[in-house]
Structure formats: C-alpha cells, structure tokens
Amino acid sequence: MKFVGVTACITGIAHTYMAQAALEQAAKKLGHEMVVETQGSAGTNPMKQELIDAADGVIFAVDLPVKGRERFAGKPYIELGVAKVIGGDKGVNVMSDFIAAIEAGTAAKIEGDKPAPAAAPEPKAEKPAGEKKKGFFGGLFG
Amino acid sequence: MKKKLLSNAITTADMVIVGLEANDKADATRQLAERLLGAGRITDIETYLVAVAKREEHFPTGIEGGIAIPHAQSEAVVTPSVAVATSTSGVDFGAEDGKSNLIFLIAAPANGGSEHLEILGTLAYKVMDEDFRNELLNEKDPAVIAATLTREVQK
C-alpha cells in the first residue's frame with residue numbers, strides 16, 4: 001500500500017522528525033510505501049498532490065492542526081499524537097491496525113471534498129517532501 | 001564580550017559526556033547544559049534550562065530504546081547545538097521501557113534560520129536509526145562521537 005502522512009509537534013524541533021523516521025521505518029518493515037510531510041519549525045515541505053491522490057491511506061501524527069488538511073479530503077485516515085508512533089514497535093502497530101481498518105472498510109475518511117487542483121492551497125514549497133530527508137530508503141546512512 | 005569563534009558543527013568533543021552519572025533528568029540536563037555554556041553555545045543556563053523543563057512537562061522526551069532527546073528553543077541559545085551523553089547506568093527521562101542511556105540535549109535559537117533548524121531536525125531523524133545509536137553508544141572517545149554526529153547530520 002501507499003501511505004502519506006503529516007508529522008508536527010509543539011516545538012517543531014525533534015518529535016516531528018522522529019515521527020517521520022518512525023513512520024518510514026514502519027512502512028519499510030511492513031513492505032509498504034510512506035511519504036511524510038514534516039510541518040516543523042524548519043518549515044513545511046508540502047508533498048505533491050499526486051502523492052496524496054495515489055495514497056491508500058493518510059497518517060497524521062500531530063500535536064497541532066494539520067496545515068492544508070483539505071488536500072487529503074476523502075482519504076481513509078488515522079490521526080493521533082506525535083508520540084504515539086515514536087519508539088519501540090509503536091509505528092508498526094499503528095500502521096498495522098490502520099491497514100486492517102482500511103481493508104475492513106472501517107477506516108474514517110477525511111472530511112470535506114478535495115479542492116480543485118488550482119485551489120489546493122499548498123504552502124510555499126522549499127523541496128518536495130520525499131526528497132527532504134534521505135534516509136531509510138536511500139541506504140542506511142542515506 | 002565573548003569572542004565569536006563558534007564552530008559551525010552542531011557539536012564538538014567538549015559537548016560530549018561519555019559515562020554520564022546523574023541523579024535524575026534535571027541533573028543530567030544541567031550537566032549537559034553546562035557543556036553548552038562552556039562552549040559558548042548558550043548565554044544563560046537558567047533561562048535555557050527553564051525552557052527545557054517546560055517542554056519536558058508537556059510530555060517527557062524519553063523514548064523506548066534507551067534514548068532521550070530533551071530540547072528547547074530559547075533566546076539564550078546562540079547557535080544550533082546538541083550536547084550528547086552516554087550513560088551506562090542510565091537516566092530516567094520517562095521512557096516506557098526504563099532509563100535512557102543515550103541523551104541528546106538540543107538547543108535551538110529563538111529565531112534560528114530554517115536551515116539551522118533543519119540540521120536539528122535531521123539529528124532527531126537520525127536518532128531513530130538503531131545502528132546509528134549503537135555506533136554512538138559503543139564509542140568511548142568524545143571526539144569521535146562529536147565527529148560521527150556532525151558527519152551524519154551536516155553532510
């Protein structure tokens with residue numbers, strides 16, 4: 001499956017990025033794809049709308065409201081605190097449960113209708129999210 | 001007026017404590033913050049420690065796997081930095097599985113540029129890599145720990 005997600009914590013310094021790593025690791029371990037948009041103090045790198053459109057599910061690991069939430073409208077999703085995916089097997093367990101819910105058709109869907117492409121309010125891009133941090137997809141020390 | 005001869009590296013050997021012995025997380029954080037102060041990375045240890053403690057109250061930074069990553073953004077921070085400690089006995093940072101043996105104290109300036117904050121974000125990201133953590137935990141030379149960390153997050 002293909003997943004996209006957003007991570008954000010209060011200070012935007014550490015947990016945002018730890019959660020990103022945790023979700024990417026979980027996806028790798030379970031044999032899925034995961035692209036994370038970090039909404040941290042270093043800024044936000046909005047992911048391409050195509051990635052969102054192609055996703056089977058959305059994971060919001062956030063302590064703050066998701067910026068540009070309407071971009072994900074209609075997608076099955078799970079939303080939880082940023083700490084809930086960091087450490088041990090938490091990320092893997094969250095993703096496994098979410099996959100089960102998607103497969104059972106019981107996963108909640110993000111409210112609203114997806115805006116027309118031109119109306120999609122994407123914050124100013126620095127770099128595509130998928131390229132921001134090289135890491136577990138790019139080799140151990142990517 | 002202190003001379004501004006600050007290294008660009010987010011950490012240096014004098015900001016690394018190998019074999020930290022601390023009574024609790026406040027003690028551990030203070031010992032690490034003293035290294036930041038000594039290295040000229042923060043100007044006021046009390047202001048910085050209050051910010052760290054306040055963030056720590058929100059939820060503790062101990063994470064399963066023996067890690068703790070206390071951090072704060074503060075006006076007392078001169079340049080983005082991280083002080084690192086390895087501790088055989090460990091320090092309780094509120095992780096669900098017990099004490100933390102690898103502690104990263106992150107200092108972010110109040111008005112840091114995004115590229116600086118990104119370095120700290122990269123560090124937080126790397127900390128989730130178990131092989132990277134083990135490499136740091138097994139190293140006894142502060143200079144090597146500092147070099148490893150800097151290499152991995154600033155390349």
# chains A, B, ... in the order shown; residues from 1 in each chain; ligands from 1

call {"tool": "interface_residues", "arguments": {"of": "chain A", "to": "chain B", "cutoff": "12 Å", "atoms": "only C-alpha atoms", "output": "PyMOL selection string"}}
result
chain A and resi 7-26+38-45+63+81-91+126+132-136+139-142

call {"tool": "write_last_selection", "arguments": {"atoms": "C-alpha atoms", "output": "compact mmCIF listing (two decimals), in the first residue's frame"}}
result
# COMPACT_ATOMS: atom_id res chain seq x y z
CA THR A 7 4.02 14.95 11.42
CA ALA A 8 4.03 18.01 13.66
CA CYS A 9 4.91 18.64 17.30
CA ILE A 10 4.63 21.67 19.54
CA THR A 11 8.20 22.94 19.31
CA GLY A 12 8.69 21.53 15.82
CA ILE A 13 12.28 20.65 16.57
CA ALA A 14 12.56 16.99 17.42
CA HIS A 15 9.42 14.86 17.60
CA THR A 16 8.23 15.98 14.17
CA TYR A 17 11.29 14.38 12.62
CA MET A 18 11.43 11.38 14.93
CA ALA A 19 7.86 10.57 13.97
CA GLN A 20 8.79 10.92 10.31
CA ALA A 21 11.57 8.37 10.79
CA ALA A 22 9.30 6.07 12.80
CA LEU A 23 6.60 6.05 10.12
CA GLU A 24 9.09 5.48 7.32
CA GLN A 25 10.66 2.62 9.26
CA ALA A 26 7.25 1.10 9.97
CA THR A 38 7.10 17.38 8.20
CA GLN A 39 5.38 20.51 9.45
CA GLY A 40 8.13 21.62 11.81
CA SER A 41 9.87 24.81 12.85
CA ALA A 42 12.24 24.43 9.90
CA GLY A 43 9.24 24.97 7.67
CA THR A 44 6.90 22.75 5.75
CA ASN A 45 7.74 20.95 2.57
CA ASP A 63 0.04 17.66 18.21
CA GLY A 81 -0.49 12.37 18.86
CA VAL A 82 3.05 12.55 17.56
CA ALA A 83 4.43 10.49 20.47
CA LYS A 84 2.09 7.61 19.66
CA VAL A 85 4.22 6.49 16.74
CA ILE A 86 7.70 7.03 18.23
CA GLY A 87 9.61 4.28 19.98
CA GLY A 88 9.64 0.51 20.00
CA ASP A 89 7.07 -1.03 17.70
CA LYS A 90 4.57 1.79 18.06
CA GLY A 91 4.80 2.95 14.48
CA GLU A 126 11.14 24.52 -0.40
CA LYS A 132 13.87 16.35 2.04
CA LYS A 133 15.46 13.72 4.20
CA LYS A 134 17.36 10.95 2.66
CA GLY A 135 17.37 8.03 4.95
CA PHE A 136 15.93 4.62 5.15
CA GLY A 139 20.51 3.31 2.29
CA LEU A 140 21.32 3.00 5.93
CA PHE A 141 23.13 6.29 6.19
CA GLY A 142 21.46 7.70 3.08

call {"tool": "select_by_dssp", "arguments": {"residues": "range 2-153 of chain B", "states": "strand (DSSP E or B)", "output": "PyMOL selection string"}}
result
chain B and resi 16-18+42+62-63+67-68+71-74+77+81-91+100-109

call {"tool": "atom_distance", "arguments": {"atom1": "CA of Val62 in chain A", "atom2": "CA of Pro109 in chain B"}}
result
22.8 Å

call {"tool": "atom_distance", "arguments": {"atom1": "CA of Pro142 in chain B", "atom2": "CA of Ile10 in chain B"}}
result
13.8 Å

call {"tool": "residues_around", "arguments": {"residues": "Gly105 in chain A", "least_positions_apart": "3", "cutoff": "12 Å", "atoms": "only C-alpha atoms", "output": "PyMOL selection string"}}
result
chain A and resi 56-57+75-77+98-102+108-109

call {"tool": "atom_distance", "arguments": {"atom1": "CA of Gly31 in chain A", "atom2": "CA of Thr106 in chain A"}}
result
21.8 Å

call {"tool": "residues_around", "arguments": {"residues": "Ala39 in chain B", "least_positions_apart": "3", "cutoff": "8 Å", "atoms": "only C-alpha atoms", "output": "list of chain:residue names"}}
result
B:Asp14, B:Met15, B:Arg35, B:Leu36, B:Ile42

call {"tool": "write_last_selection", "arguments": {"atoms": "C-alpha atoms", "output": "tab-separated table (two decimals), in the first residue's frame"}}
result
chain	number	residue	atom	x	y	z
B	14	ASP	CA	33.69	19.35	24.68
B	15	MET	CA	29.91	18.99	24.38
B	35	ARG	CA	28.83	21.94	28.37
B	36	LEU	CA	26.75	24.10	26.03
B	42	ILE	CA	24.14	29.31	25.20

call {"tool": "closest_residue", "arguments": {"among": "B:Arg41, B:Ala146, B:Ala22, B:Gly94", "to": "Pro80 in chain B", "atoms": "only C-alpha atoms"}}
result
B:Arg41

call {"tool": "closest_residue", "arguments": {"among": "A:Lys28, A:Val6, A:Pro46, A:Ala107", "to": "Ile59 in chain A", "atoms": "only C-alpha atoms"}}
result
A:Val6

call {"tool": "select_by_dssp", "arguments": {"residues": "range 22-155 of chain B", "states": "helix (DSSP H, G or I)", "output": "number ranges by chain"}}
result
B: 25-38, 45-58, 114-127, 130-137, 142-154
